[in-house]
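Q: Just one file: protein01.csv, with CSV, C-alpha atoms and all ligand atoms.
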chain,number,residue,atom,x,y,z
B,8,MET,CA,12.1,-21.9,-9.1
B,9,THR,CA,10.3,-19.5,-6.8
B,10,ASP,CA,9.1,-19.9,-3.3
B,11,TYR,CA,5.6,-19.1,-4.4
B,12,MET,CA,3.0,-21.8,-4.4
B,13,ILE,CA,0.6,-19.5,-6.2
B,14,GLU,CA,1.6,-16.5,-8.3
B,15,LEU,CA,-0.4,-14.0,-10.3
B,16,ARG,CA,1.8,-12.1,-12.8
B,17,ASN,CA,0.3,-9.0,-14.3
B,18,VAL,CA,-3.2,-10.5,-14.4
B,19,THR,CA,-5.8,-8.4,-16.0
B,20,LYS,CA,-9.4,-9.5,-16.5
B,21,ARG,CA,-12.0,-7.3,-18.1
B,22,TYR,CA,-15.8,-7.6,-18.5
B,23,GLY,CA,-16.7,-5.2,-21.3
B,24,ASN,CA,-15.7,-1.8,-20.0
B,25,ILE,CA,-15.1,-3.0,-16.4
B,26,VAL,CA,-11.5,-3.8,-15.5
B,27,ALA,CA,-12.3,-6.3,-12.7
B,28,ASN,CA,-8.6,-7.2,-12.2
B,29,ASP,CA,-6.1,-4.5,-13.2
B,30,HIS,CA,-2.5,-5.9,-13.6
B,31,ILE,CA,-2.4,-7.8,-10.4
B,32,ASN,CA,1.0,-9.1,-9.2
B,33,LEU,CA,0.8,-11.3,-6.2
B,34,GLY,CA,2.8,-14.2,-4.9
B,35,ILE,CA,1.5,-16.6,-2.1
B,36,LEU,CA,4.2,-18.5,-0.3
B,37,ARG,CA,4.0,-22.2,0.5
B,38,GLY,CA,2.0,-22.9,3.6
B,39,GLU,CA,0.8,-19.3,3.7
B,40,LEU,CA,-2.7,-18.1,4.4
B,41,MET,CA,-3.3,-15.1,2.3
B,42,THR,CA,-6.5,-13.1,2.5
B,43,LEU,CA,-7.9,-11.0,-0.4
B,44,LEU,CA,-9.7,-8.2,1.2
B,45,GLY,CA,-11.6,-5.3,-0.3
B,46,PRO,CA,-15.1,-3.8,-0.7
B,47,SER,CA,-17.8,-5.5,-2.7
B,48,GLY,CA,-17.1,-5.4,-6.4
B,49,CYS,CA,-13.3,-4.8,-6.1
B,50,GLY,CA,-12.4,-8.0,-8.0
B,51,LYS,CA,-11.7,-10.6,-5.3
B,52,THR,CA,-13.8,-13.4,-6.7
B,53,THR,CA,-12.6,-12.5,-10.2
B,54,ALA,CA,-9.0,-13.0,-9.0
B,55,LEU,CA,-9.8,-16.3,-7.3
B,56,ARG,CA,-11.5,-17.5,-10.5
B,57,CYS,CA,-8.4,-16.7,-12.4
B,58,ILE,CA,-6.5,-19.0,-10.1
B,59,THR,CA,-9.1,-21.8,-10.3
B,60,GLY,CA,-9.4,-21.6,-14.0
B,61,HIS,CA,-13.0,-20.5,-14.1
B,62,ASN,CA,-11.8,-17.2,-15.6
B,63,THR,CA,-9.1,-16.9,-18.3
B,64,PRO,CA,-7.2,-13.6,-17.8
B,65,ASP,CA,-7.1,-11.2,-20.8
B,66,GLU,CA,-3.5,-10.5,-19.9
B,67,GLY,CA,-0.9,-12.0,-17.6
B,68,ARG,CA,-0.1,-15.5,-16.3
B,69,VAL,CA,-1.1,-17.7,-13.4
B,70,PHE,CA,1.4,-20.1,-11.8
B,71,ILE,CA,0.7,-22.9,-9.3
B,72,ASP,CA,3.7,-24.7,-7.7
B,73,GLY,CA,6.0,-23.2,-10.3
B,74,GLU,CA,3.9,-24.3,-13.3
B,75,ASP,CA,2.2,-22.0,-15.7
B,76,VAL,CA,-1.4,-23.1,-15.4
B,77,THR,CA,-3.0,-20.2,-17.3
B,78,ASP,CA,-4.2,-22.6,-20.0
B,79,VAL,CA,-4.8,-25.7,-17.8
B,80,PRO,CA,-8.4,-26.6,-17.1
B,81,THR,CA,-9.9,-26.3,-13.6
B,82,HIS,CA,-10.2,-30.0,-12.9
B,83,LYS,CA,-6.5,-30.5,-13.6
B,84,ARG,CA,-5.3,-27.8,-11.2
B,85,GLU,CA,-5.8,-30.0,-8.0
B,86,LEU,CA,-7.4,-27.3,-5.9
B,87,GLY,CA,-9.8,-27.4,-3.0
B,88,MET,CA,-12.5,-24.8,-3.1
B,89,VAL,CA,-15.2,-23.5,-0.9
B,90,PHE,CA,-17.4,-20.9,-2.4
B,91,GLN,CA,-19.5,-17.9,-1.3
B,92,ASN,CA,-22.9,-19.6,-1.5
B,93,PHE,CA,-21.6,-23.0,-1.1
B,94,ALA,CA,-24.3,-25.7,-1.4
B,95,LEU,CA,-24.0,-29.3,-0.5
B,96,PHE,CA,-25.9,-31.8,-2.7
B,97,PRO,CA,-29.2,-32.0,-0.8
B,98,HIS,CA,-30.1,-35.5,-1.9
B,99,MET,CA,-26.7,-36.9,-0.7
B,100,THR,CA,-25.7,-37.8,2.8
B,101,VAL,CA,-22.8,-36.1,4.5
B,102,PHE,CA,-20.6,-39.1,3.6
B,103,GLU,CA,-21.6,-39.0,0.0
B,104,ASN,CA,-21.1,-35.3,-0.2
B,105,VAL,CA,-17.5,-35.6,1.1
B,106,GLU,CA,-16.9,-38.6,-1.0
B,107,PHE,CA,-17.9,-36.9,-4.2
B,108,PRO,CA,-14.5,-35.5,-5.3
B,109,LEU,CA,-13.0,-38.9,-4.8
B,110,MET,CA,-15.7,-40.6,-6.9
B,111,ILE,CA,-14.8,-38.4,-9.9
B,112,ARG,CA,-11.2,-39.3,-9.3
B,113,ASN,CA,-11.9,-43.0,-9.5
B,114,LEU,CA,-10.4,-44.1,-6.2
B,115,ASP,CA,-11.4,-47.6,-4.9
B,116,LYS,CA,-14.1,-47.9,-2.2
B,117,LYS,CA,-11.9,-48.8,0.7
B,118,LYS,CA,-9.5,-45.9,0.1
B,119,ARG,CA,-12.5,-43.6,-0.3
B,120,ARG,CA,-14.0,-44.6,3.0
B,121,GLU,CA,-10.7,-44.1,4.7
B,122,MET,CA,-10.2,-40.6,3.2
B,123,VAL,CA,-13.8,-39.5,3.9
B,124,MET,CA,-13.6,-40.6,7.6
B,125,ASP,CA,-10.3,-38.8,7.9
B,126,ALA,CA,-11.8,-35.6,6.5
B,127,LEU,CA,-14.8,-35.8,8.8
B,128,ARG,CA,-12.5,-36.3,11.8
B,129,LEU,CA,-10.6,-33.2,10.8
B,130,ILE,CA,-13.7,-31.1,11.0
B,131,ARG,CA,-15.0,-32.9,14.1
B,132,MET,CA,-18.1,-34.4,12.4
B,133,GLU,CA,-17.6,-38.1,12.9
B,134,GLY,CA,-20.9,-39.7,13.5
B,135,TYR,CA,-22.8,-37.5,11.0
B,136,GLU,CA,-22.0,-39.7,7.9
B,137,LYS,CA,-25.7,-40.7,7.4
B,138,HIS,CA,-27.2,-37.2,8.0
B,139,TYR,CA,-28.6,-35.2,5.1
B,140,PRO,CA,-27.6,-31.5,4.8
B,141,ARG,CA,-31.1,-30.4,5.8
B,142,GLN,CA,-30.5,-32.2,9.2
B,143,LEU,CA,-27.5,-30.0,9.9
B,144,SER,CA,-27.0,-26.5,11.2
B,145,GLY,CA,-25.5,-23.8,8.9
B,146,GLY,CA,-22.2,-24.1,10.6
B,147,GLN,CA,-22.1,-27.9,10.3
B,148,GLN,CA,-23.0,-27.6,6.6
B,149,GLN,CA,-20.1,-25.3,6.1
B,150,ARG,CA,-17.8,-27.6,7.9
B,151,VAL,CA,-18.9,-30.5,5.6
B,152,GLY,CA,-18.2,-28.1,2.7
B,153,LEU,CA,-14.7,-27.7,4.1
B,154,ALA,CA,-14.3,-31.4,4.5
B,155,ARG,CA,-15.3,-31.9,0.9
B,156,ALA,CA,-12.7,-29.4,-0.2
B,157,LEU,CA,-10.0,-30.9,2.0
B,158,VAL,CA,-10.8,-34.6,1.4
B,159,TYR,CA,-8.2,-35.3,-1.2
B,160,ARG,CA,-5.6,-33.1,0.5
B,161,PRO,CA,-5.2,-30.4,-2.2
B,162,LYS,CA,-2.0,-28.4,-2.2
B,163,VAL,CA,-4.0,-25.3,-2.4
B,164,LEU,CA,-7.3,-24.4,-0.7
B,165,LEU,CA,-9.4,-21.5,-2.0
B,166,LEU,CA,-12.1,-20.1,0.1
B,167,ASP,CA,-14.5,-17.4,-1.1
B,168,GLU,CA,-16.4,-15.9,1.8
B,169,PRO,CA,-17.1,-19.3,3.2
B,170,LEU,CA,-18.5,-18.0,6.4
B,171,SER,CA,-20.8,-15.3,5.1
B,172,ASN,CA,-24.0,-17.0,6.0
B,173,LEU,CA,-23.1,-17.7,9.6
B,174,ASP,CA,-23.9,-15.7,12.8
B,175,ALA,CA,-21.2,-13.7,14.4
B,176,LYS,CA,-20.3,-16.2,17.1
B,177,LEU,CA,-20.2,-19.2,14.8
B,178,ARG,CA,-18.2,-17.2,12.3
B,179,GLU,CA,-15.5,-16.5,14.9
B,180,GLU,CA,-15.3,-20.2,15.9
B,181,MET,CA,-15.1,-21.3,12.3
B,182,ARG,CA,-12.4,-18.7,11.6
B,183,PHE,CA,-10.3,-20.3,14.3
B,184,GLU,CA,-10.9,-23.8,13.0
B,185,ILE,CA,-10.0,-22.9,9.4
B,186,ARG,CA,-6.8,-21.2,10.7
B,187,GLU,CA,-5.9,-24.3,12.7
B,188,LEU,CA,-6.6,-26.7,9.8
B,189,VAL,CA,-4.6,-24.8,7.3
B,190,SER,CA,-1.6,-24.7,9.6
B,191,ARG,CA,-1.9,-28.3,10.7
B,192,LEU,CA,-2.2,-29.6,7.1
B,193,ASN,CA,0.4,-27.2,5.8
B,194,ILE,CA,-1.9,-26.1,3.0
B,195,THR,CA,-1.4,-22.9,1.0
B,196,ALA,CA,-4.7,-21.0,1.2
B,197,ILE,CA,-6.4,-18.0,-0.2
B,198,TYR,CA,-9.3,-16.6,1.8
B,199,VAL,CA,-11.6,-14.0,0.3
B,200,THR,CA,-13.5,-11.7,2.5
B,201,HIS,CA,-14.8,-8.1,2.7
B,202,ASP,CA,-14.7,-8.3,6.5
B,203,GLN,CA,-11.5,-6.6,7.7
B,204,GLU,CA,-11.8,-8.1,11.2
B,205,GLU,CA,-11.9,-11.6,9.8
B,206,ALA,CA,-8.9,-10.8,7.6
B,207,LEU,CA,-6.8,-9.5,10.5
B,208,ALA,CA,-7.7,-12.5,12.7
B,209,LEU,CA,-7.0,-15.2,10.1
B,210,SER,CA,-4.2,-14.3,7.8
B,211,ASP,CA,-0.5,-14.6,7.6
B,212,ARG,CA,-0.7,-11.8,5.1
B,213,VAL,CA,-3.5,-9.7,3.7
B,214,ALA,CA,-3.7,-8.4,0.1
B,215,ILE,CA,-6.0,-5.3,-0.1
B,216,MET,CA,-7.8,-4.6,-3.3
B,217,ASN,CA,-9.7,-1.5,-4.5
B,218,ALA,CA,-11.4,-1.1,-7.8
B,219,GLY,CA,-9.6,-4.0,-9.5
B,220,ARG,CA,-6.2,-3.1,-8.2
B,221,LEU,CA,-4.0,-4.5,-5.5
B,222,VAL,CA,-3.3,-1.6,-3.2
B,223,GLN,CA,-1.3,-3.0,-0.3
B,224,VAL,CA,0.1,-6.4,0.8
B,225,GLY,CA,1.4,-7.1,4.3
B,226,THR,CA,0.9,-8.8,7.6
B,227,PRO,CA,-2.2,-7.9,9.6
B,228,GLU,CA,0.0,-5.7,11.8
B,229,ASP,CA,1.7,-4.0,8.8
B,230,ILE,CA,-1.5,-3.0,7.2
B,231,TYR,CA,-3.1,-1.9,10.4
B,232,GLU,CA,-0.1,0.1,11.7
B,233,TYR,CA,1.3,1.3,8.4
B,234,PRO,CA,-1.4,1.8,5.9
B,235,GLN,CA,0.1,3.3,2.8
B,236,SER,CA,-2.9,5.2,1.5
B,237,ARG,CA,-6.0,6.9,2.7
B,238,PHE,CA,-8.1,4.0,1.3
B,239,VAL,CA,-6.3,1.4,3.4
B,240,ALA,CA,-6.3,3.6,6.6
B,241,ASP,CA,-10.0,4.0,6.2
B,242,PHE,CA,-10.8,0.4,5.3
B,243,ILE,CA,-8.8,-1.3,8.0
B,244,GLY,CA,-10.0,-0.4,11.5
B,245,LEU,CA,-11.4,2.9,12.4
B,246,SER,CA,-9.7,6.1,11.4
B,247,ASP,CA,-10.2,9.8,11.9
B,248,PHE,CA,-8.7,12.0,9.2
B,249,ILE,CA,-7.4,15.4,10.2
B,250,GLU,CA,-6.4,17.9,7.5
B,251,GLY,CA,-4.3,21.0,8.4
B,252,THR,CA,-1.7,23.4,7.2
B,253,VAL,CA,2.0,23.0,8.0
B,254,VAL,CA,3.4,25.9,10.1
B,255,SER,CA,6.8,24.5,11.0
B,256,VAL,CA,9.0,21.5,10.0
B,257,GLU,CA,11.8,20.0,12.1
B,258,ASN,CA,13.4,16.6,11.9
B,259,GLU,CA,11.2,14.9,14.5
B,260,ARG,CA,8.1,17.0,14.5
B,261,ILE,CA,5.8,18.9,12.2
B,262,VAL,CA,3.5,21.4,13.6
B,263,MET,CA,0.3,22.0,11.7
B,264,THR,CA,-2.8,24.1,12.4
B,265,VAL,CA,-6.2,22.6,12.2
B,266,ASP,CA,-9.3,24.7,12.8
B,267,GLY,CA,-7.2,27.1,15.0
B,268,LEU,CA,-5.6,24.3,17.0
B,269,GLU,CA,-1.9,23.4,16.8
B,270,LEU,CA,-1.3,19.7,16.2
B,271,VAL,CA,2.2,18.2,16.4
B,272,VAL,CA,2.8,15.2,14.2
B,273,PRO,CA,5.8,13.0,13.5
B,274,GLY,CA,8.5,14.3,11.1
B,275,LEU,CA,8.3,13.3,7.4
B,276,SER,CA,10.5,14.0,4.5
B,277,ASP,CA,9.5,16.4,1.7
B,278,VAL,CA,7.1,18.4,3.7
B,279,GLU,CA,7.2,22.1,3.4
B,280,LYS,CA,5.8,25.0,5.4
B,281,GLY,CA,2.5,26.2,4.1
B,282,GLN,CA,1.4,23.0,2.5
B,283,SER,CA,-1.6,21.1,3.6
B,284,LEU,CA,-1.1,17.7,5.3
B,285,LEU,CA,-3.5,14.9,6.0
B,286,VAL,CA,-3.0,12.7,9.1
B,287,PHE,CA,-5.0,9.9,10.6
B,288,ILE,CA,-5.5,8.7,14.1
B,289,ARG,CA,-7.3,5.6,15.5
B,290,PRO,CA,-10.2,6.5,17.8
B,291,ASN,CA,-8.7,4.1,20.5
B,292,ASP,CA,-5.4,6.0,20.4
B,293,VAL,CA,-7.0,9.2,21.7
B,294,GLN,CA,-7.0,9.5,25.5
B,295,LEU,CA,-9.7,11.4,27.3
B,296,PHE,CA,-9.4,13.2,30.6
B,297,PRO,CA,-11.7,15.2,32.8
B,298,ALA,CA,-11.8,19.0,32.1
B,299,GLY,CA,-9.0,20.7,34.1
B,300,HIS,CA,-6.5,17.9,33.5
B,301,GLU,CA,-3.1,19.2,32.8
B,302,GLY,CA,-2.3,20.5,29.3
B,303,GLY,CA,0.7,19.9,27.0
B,304,GLU,CA,1.5,18.9,23.5
B,305,ASN,CA,-1.6,17.8,21.6
B,306,VAL,CA,-3.9,18.1,24.6
B,307,PHE,CA,-7.0,20.0,23.6
B,308,GLU,CA,-10.2,21.1,25.3
B,309,GLY,CA,-13.3,19.6,24.0
B,310,VAL,CA,-17.0,18.8,24.6
B,311,VAL,CA,-18.8,15.4,24.3
B,312,ASP,CA,-21.3,15.7,21.5
B,313,LYS,CA,-22.5,12.2,21.5
B,314,LEU,CA,-21.8,8.8,23.0
B,315,THR,CA,-22.7,5.3,22.2
B,316,TYR,CA,-22.4,2.5,24.7
B,317,LEU,CA,-20.9,-0.6,23.1
B,318,GLY,CA,-20.4,-2.8,26.2
B,319,ASP,CA,-16.6,-3.3,26.3
B,320,LYS,CA,-16.0,0.3,25.0
B,321,ILE,CA,-17.7,3.6,24.6
B,322,ASP,CA,-17.7,5.5,21.3
B,323,TYR,CA,-17.6,9.3,21.7
B,324,ARG,CA,-18.0,12.1,19.2
B,325,ILE,CA,-16.0,15.0,20.6
B,326,THR,CA,-15.6,18.6,19.3
B,327,LEU,CA,-12.2,20.0,20.0
B,328,GLY,CA,-11.7,23.7,20.1
B,329,ASP,CA,-14.3,25.5,18.0
B,330,ARG,CA,-15.2,22.8,15.4
B,331,LEU,CA,-12.8,19.9,15.0
B,332,GLU,CA,-14.9,16.8,15.3
B,333,ILE,CA,-13.2,13.6,16.3
B,334,ARG,CA,-14.2,10.1,17.2
B,335,VAL,CA,-12.8,8.5,20.3
B,336,GLN,CA,-13.2,5.0,21.8
B,337,THR,CA,-12.4,4.3,25.4
B,338,ASP,CA,-12.6,1.5,27.7
B,339,GLY,CA,-16.2,1.0,28.9
B,340,ARG,CA,-15.3,1.8,32.4
B,341,GLN,CA,-14.2,5.4,31.6
B,342,ARG,CA,-17.4,7.3,31.3
B,343,PHE,CA,-18.1,10.9,30.3
B,344,GLU,CA,-21.6,12.4,29.8
B,345,LYS,CA,-23.1,14.1,26.8
B,346,GLY,CA,-22.3,17.8,27.0
B,347,GLU,CA,-19.4,17.3,29.4
B,348,LYS,CA,-16.2,19.2,29.0
B,349,VAL,CA,-13.1,17.0,28.6
B,350,ARG,CA,-9.5,17.1,27.6
B,351,ALA,CA,-8.4,15.0,24.7
B,352,TYR,CA,-4.8,13.9,24.1
B,353,LEU,CA,-3.7,12.9,20.6
B,354,PRO,CA,-0.3,11.3,21.1
B,355,ARG,CA,2.1,12.7,18.5
B,356,GLU,CA,3.4,9.4,17.2
B,357,ARG,CA,-0.2,8.2,16.7
B,358,CYS,CA,-1.1,11.1,14.4
B,359,ARG,CA,0.4,9.6,11.2
B,360,PRO,CA,0.6,11.3,7.9
B,361,VAL,CA,-1.3,9.7,5.0
B,362,ILE,CA,0.7,9.8,1.8
B,363,GLY,CA,-1.4,8.4,-1.1
B,364,ASP,CA,-5.1,8.3,-2.0
B,401,LIG,N1,-19.4,-12.5,-15.2
B,401,LIG,C1,-19.4,-11.2,-15.1
B,401,LIG,N2,-19.8,-10.4,-16.1
B,401,LIG,C2,-19.7,-9.0,-16.1
B,401,LIG,N3,-19.2,-8.4,-15.0
B,401,LIG,C3,-18.8,-9.1,-14.0
B,401,LIG,C4,-18.8,-10.5,-14.0
B,401,LIG,N4,-18.3,-11.0,-12.8
B,401,LIG,C5,-17.9,-9.9,-12.1
B,401,LIG,N5,-18.2,-8.8,-12.8
B,401,LIG,C6,-17.9,-7.4,-12.4
B,401,LIG,O1,-16.5,-7.3,-12.1
B,401,LIG,C7,-16.3,-6.6,-10.9
B,401,LIG,C8,-15.6,-7.4,-9.8
B,401,LIG,O2,-16.5,-8.4,-9.4
B,401,LIG,P1,-16.1,-9.5,-8.3
B,401,LIG,O3,-17.2,-10.5,-8.3
B,401,LIG,O4,-14.7,-10.0,-8.6
B,401,LIG,O5,-16.1,-8.7,-7.0
B,401,LIG,P2,-15.9,-9.1,-5.5
B,401,LIG,O6,-14.7,-8.3,-5.0
B,401,LIG,O7,-15.8,-10.6,-5.4
B,401,LIG,O8,-17.2,-8.6,-4.8
B,401,LIG,P3,-18.1,-9.2,-3.5
B,401,LIG,O9,-17.4,-8.9,-2.3
B,401,LIG,O10,-19.4,-8.5,-3.7
B,401,LIG,O11,-18.2,-10.7,-3.8
B,401,LIG,C9,-17.6,-6.0,-10.5
B,401,LIG,O12,-17.8,-4.7,-11.0
B,401,LIG,C10,-18.6,-7.0,-11.1
B,401,LIG,O13,-19.8,-6.3,-11.4
B,402,MG,MG,-17.0,-12.1,-4.5
Is it possible to express this structure as structure tokens?
Ligand SMILES: Nc1ncnc2c1ncn2[C@@H]1O[C@H](COP(=O)(O)OP(=O)(O)OP(=O)(O)O)[C@@H](O)[C@H]1O
Ligand SMILES: [Mg+2]
A:
Amino acid sequence: MTDYMIELRNVTKRYGNIVANDHINLGILRGELMTLLGPSGCGKTTALRCITGHNTPDEGRVFIDGEDVTDVPTHKRELGMVFQNFALFPHMTVFENVEFPLMIRNLDKKKRREMVMDALRLIRMEGYEKHYPRQLSGGQQQRVGLARALVYRPKVLLLDEPLSNLDAKLREEMRFEIRELVSRLNITAIYVTHDQEEALALSDRVAIMNAGRLVQVGTPEDIYEYPQSRFVADFIGLSDFIEGTVVSVENERIVMTVDGLELVVPGLSDVEKGQSLLVFIRPNDVQLFPAGHEGGENVFEGVVDKLTYLGDKIDYRITLGDRLEIRVQTDGRQRFEKGEKVRAYLPRERCRPVIGD
């Protein structure tokens, strides 16, 4: 008996020559909200469909609550689902839409009414029973979709980009509501998105996919702070990649030269003098000071090439030394002008080596 509510063991799914899921191994704990995150076409929906039973894997097995369901049809898997382009039945009222999964389960009328009203309360839509979908806003429609998925209290809830059609503000609100509901009802959930901010905000853990493969699984903090590949460092948050040549190696520090500048980065095993090394730094980890500010380790002279005002922050493109271009984001209150000379500080511990592709 495992602790996993959902488990994919070595799941592979091919479409002709395309390997949409390439030997995926992933376990989702009971009560956990796991996000599948990755660029368009990386295989997220395919993996979800292997769990729902809409896809049959070419290799591997799928387990739900300890049971091998690989050959169990979708309707017997007891899942709640909300899909990418989720549509309510337009000719049915809100009540009838939410009642639908109960109708096909042959529950009696009184019980159905109770469960529907419960579900509508959960998503704060009591009073809308008689409305038709066209009389609701996009966000209300998606909430009804959620109620429909939750109405029979499934053990597992699967959400495939359920917020993709909403505006930014509503999306943020709904994110929060989904997070709340899943915790409160102690449901195990898989949430699919290609929006990394959404993934960080919602998840207990995030599973990052690229080209059919699972590349890293961890808490939002793990994947943001300790990306294990260039792909993840690039995909999660903003990153500047700096490539240089190692000139000296000590336990705690490696010195490398980059376009004539000496950059000190944290120590790392198996690094040798003369080799090239790739490090990344987040634009908001770089600190900017006026020209003439005191120097020191990893403090470089630079010039502002470009700046973009983003309200709460300012995004700068800065050239350090002769030609090392970096991106820096600072608090909106700290303002430098285009062409201005500055000093940039790249804290050593924030210049982290990237190991894999
Ligand atoms: N029914 C199908 N027939 C053939 N190829 C398919 C089919 N479904 C998906 N694919 C291919 O499999 C790959 C993975 O598709 P999938 O829908 O799983 O991606 P995704 O990560 O959900 O992308 P998105 O973020 O755009 O929804 C893609 O290359 C896609 O073209
Ligand atoms: Mg998809």
Q: Which one of B:Gly299, B:Gly60, B:Gly251, B:Gly219 sits closest to Pro46 (chain B) if you count all atoms listed in the file?
A: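 Distance minimum relative to Pro46 (chain B) lands on B:Gly219.
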Q: Quick one: residues within 10 Å of (-20.4, -15.0, 10.8) (file frame), counting only C-alpha atoms, please, as a PyMOL selection string.
A: chain B and resi 146+168-182+202+205
Q: Can you list every residue of region 143-256 of chain B that has an atom at most 12 Å from region 325-334 of chain B, with its nearest atom pair and the distance in Å to one decimal, using only C-alpha atoms, ordered by chain then number, as a Markdown table?
A:
| residue | atom | partner | partner_atom | distance |
| --- | --- | --- | --- | --- |
| B:Leu245 | CA | B:Arg334 | CA | 9.1 |
| B:Ser246 | CA | B:Arg334 | CA | 8.4 |
| B:Asp247 | CA | B:Ile333 | CA | 6.5 |
| B:Phe248 | CA | B:Ile333 | CA | 8.6 |
| B:Ile249 | CA | B:Leu331 | CA | 8.5 |
| B:Glu250 | CA | B:Leu331 | CA | 10.1 |
| B:Gly251 | CA | B:Leu331 | CA | 10.8 |
Q: Skip Gln142 (chain B) itself and residues of its chain fewer than 5 positions away, then list as a CSV table (one decimal) with C-alpha atoms, keeping the file's coordinate frame all residues within 12 Å of it, counting all atoms listed in the file.
A:
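Saved to part_34.csv:
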chain,number,residue,atom,x,y,z
B,97,PRO,CA,-29.2,-32.0,-0.8
B,98,HIS,CA,-30.1,-35.5,-1.9
B,99,MET,CA,-26.7,-36.9,-0.7
B,100,THR,CA,-25.7,-37.8,2.8
B,101,VAL,CA,-22.8,-36.1,4.5
B,135,TYR,CA,-22.8,-37.5,11.0
B,136,GLU,CA,-22.0,-39.7,7.9
B,137,LYS,CA,-25.7,-40.7,7.4
B,147,GLN,CA,-22.1,-27.9,10.3
B,148,GLN,CA,-23.0,-27.6,6.6
Q: Go through chain B residue by residue and, counting only C-alpha atoms and all ligand atoms, keep those with an atom at most 12 Å from ligand MG 402 (chain B); for each kept residue give the shortest atom pair and its distance in Å to one decimal, ordered by chain and increasing number, as JSON lines.
A:
{"residue": "B:Ala27", "atom": "CA", "partner": "B:MG402", "partner_atom": "MG", "distance": 11.1}
{"residue": "B:Leu43", "atom": "CA", "partner": "B:MG402", "partner_atom": "MG", "distance": 10.0}
{"residue": "B:Leu44", "atom": "CA", "partner": "B:MG402", "partner_atom": "MG", "distance": 10.0}
{"residue": "B:Gly45", "atom": "CA", "partner": "B:MG402", "partner_atom": "MG", "distance": 9.6}
{"residue": "B:Pro46", "atom": "CA", "partner": "B:MG402", "partner_atom": "MG", "distance": 9.3}
{"residue": "B:Ser47", "atom": "CA", "partner": "B:MG402", "partner_atom": "MG", "distance": 6.9}
{"residue": "B:Gly48", "atom": "CA", "partner": "B:MG402", "partner_atom": "MG", "distance": 7.0}
{"residue": "B:Cys49", "atom": "CA", "partner": "B:MG402", "partner_atom": "MG", "distance": 8.3}
{"residue": "B:Gly50", "atom": "CA", "partner": "B:MG402", "partner_atom": "MG", "distance": 7.1}
{"residue": "B:Lys51", "atom": "CA", "partner": "B:MG402", "partner_atom": "MG", "distance": 5.6}
{"residue": "B:Thr52", "atom": "CA", "partner": "B:MG402", "partner_atom": "MG", "distance": 4.1}
{"residue": "B:Thr53", "atom": "CA", "partner": "B:MG402", "partner_atom": "MG", "distance": 7.2}
{"residue": "B:Ala54", "atom": "CA", "partner": "B:MG402", "partner_atom": "MG", "distance": 9.2}
{"residue": "B:Leu55", "atom": "CA", "partner": "B:MG402", "partner_atom": "MG", "distance": 8.8}
{"residue": "B:Arg56", "atom": "CA", "partner": "B:MG402", "partner_atom": "MG", "distance": 9.8}
{"residue": "B:Phe90", "atom": "CA", "partner": "B:MG402", "partner_atom": "MG", "distance": 9.1}
{"residue": "B:Gln91", "atom": "CA", "partner": "B:MG402", "partner_atom": "MG", "distance": 7.1}
{"residue": "B:Asn92", "atom": "CA", "partner": "B:MG402", "partner_atom": "MG", "distance": 10.0}
{"residue": "B:Leu166", "atom": "CA", "partner": "B:MG402", "partner_atom": "MG", "distance": 10.4}
{"residue": "B:Asp167", "atom": "CA", "partner": "B:MG402", "partner_atom": "MG", "distance": 6.8}
{"residue": "B:Glu168", "atom": "CA", "partner": "B:MG402", "partner_atom": "MG", "distance": 7.4}
{"residue": "B:Pro169", "atom": "CA", "partner": "B:MG402", "partner_atom": "MG", "distance": 10.5}
{"residue": "B:Ser171", "atom": "CA", "partner": "B:MG402", "partner_atom": "MG", "distance": 10.8}
{"residue": "B:Tyr198", "atom": "CA", "partner": "B:MG402", "partner_atom": "MG", "distance": 10.9}
{"residue": "B:Val199", "atom": "CA", "partner": "B:MG402", "partner_atom": "MG", "distance": 7.5}
{"residue": "B:Thr200", "atom": "CA", "partner": "B:MG402", "partner_atom": "MG", "distance": 7.8}
{"residue": "B:His201", "atom": "CA", "partner": "B:MG402", "partner_atom": "MG", "distance": 8.5}
{"residue": "B:Asp202", "atom": "CA", "partner": "B:MG402", "partner_atom": "MG", "distance": 11.9}
{"residue": "B:Met216", "atom": "CA", "partner": "B:MG402", "partner_atom": "MG", "distance": 11.9}
Q: Quick one: residues within 10 Å of (3.2, -24.9, -8.0) (file frame), counting only C-alpha atoms, please, as a ChimeraX atom specification.
A: /B:8-14,37,69-76,84,162-163
Q: Find, counting all atoms listed in the file, the residue in B:Ile288, B:Val26, B:Leu275, B:Leu164 that gets nearest to ligand LIG 401 (chain B).
A: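 For ligand LIG 401 (chain B), the nearest of the given residues is B:Val26.
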Q: What does the structure give for the distance between CA of Ala94 (chain B) and CA of Gln149 (chain B), in Å to one decimal?
A: 8.6 Å
Q: Pick from B:Arg220, B:Arg186, B:Arg16, B:His30: nearest to ligand LIG 401 (chain B), with all atoms listed in the file counted?
A: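 For ligand LIG 401 (chain B), the nearest of the candidates is B:Arg220.
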Q: Quick one: pull the distance between atom N5 of ligand LIG 401 (chain B) and CA of Ala196 (chain B), Å, one decimal.
A: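 Rounded to one decimal, the two atoms are 23.0 Å apart.
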Q: Which is closer to ligand LIG 401 (chain B) than all the others in B:Arg355, B:Val18, B:Ile25, B:Ser276, using all atoms listed in the file?
A: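 That would be B:Ile25, the residue with the smallest distance to ligand LIG 401 (chain B).
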Q: To one decimal place in Å, what is the distance between CA of Phe296 (chain B) and CA of Leu284 (chain B)?
A: 27.0 Å
Q: Which residue is closest to Leu192 (chain B)? Choose from B:Asp65, B:Ala218, B:Val158, B:Leu33 and count only C-alpha atoms.
A: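 Of all the options, B:Val158 lies closest to Leu192 (chain B).
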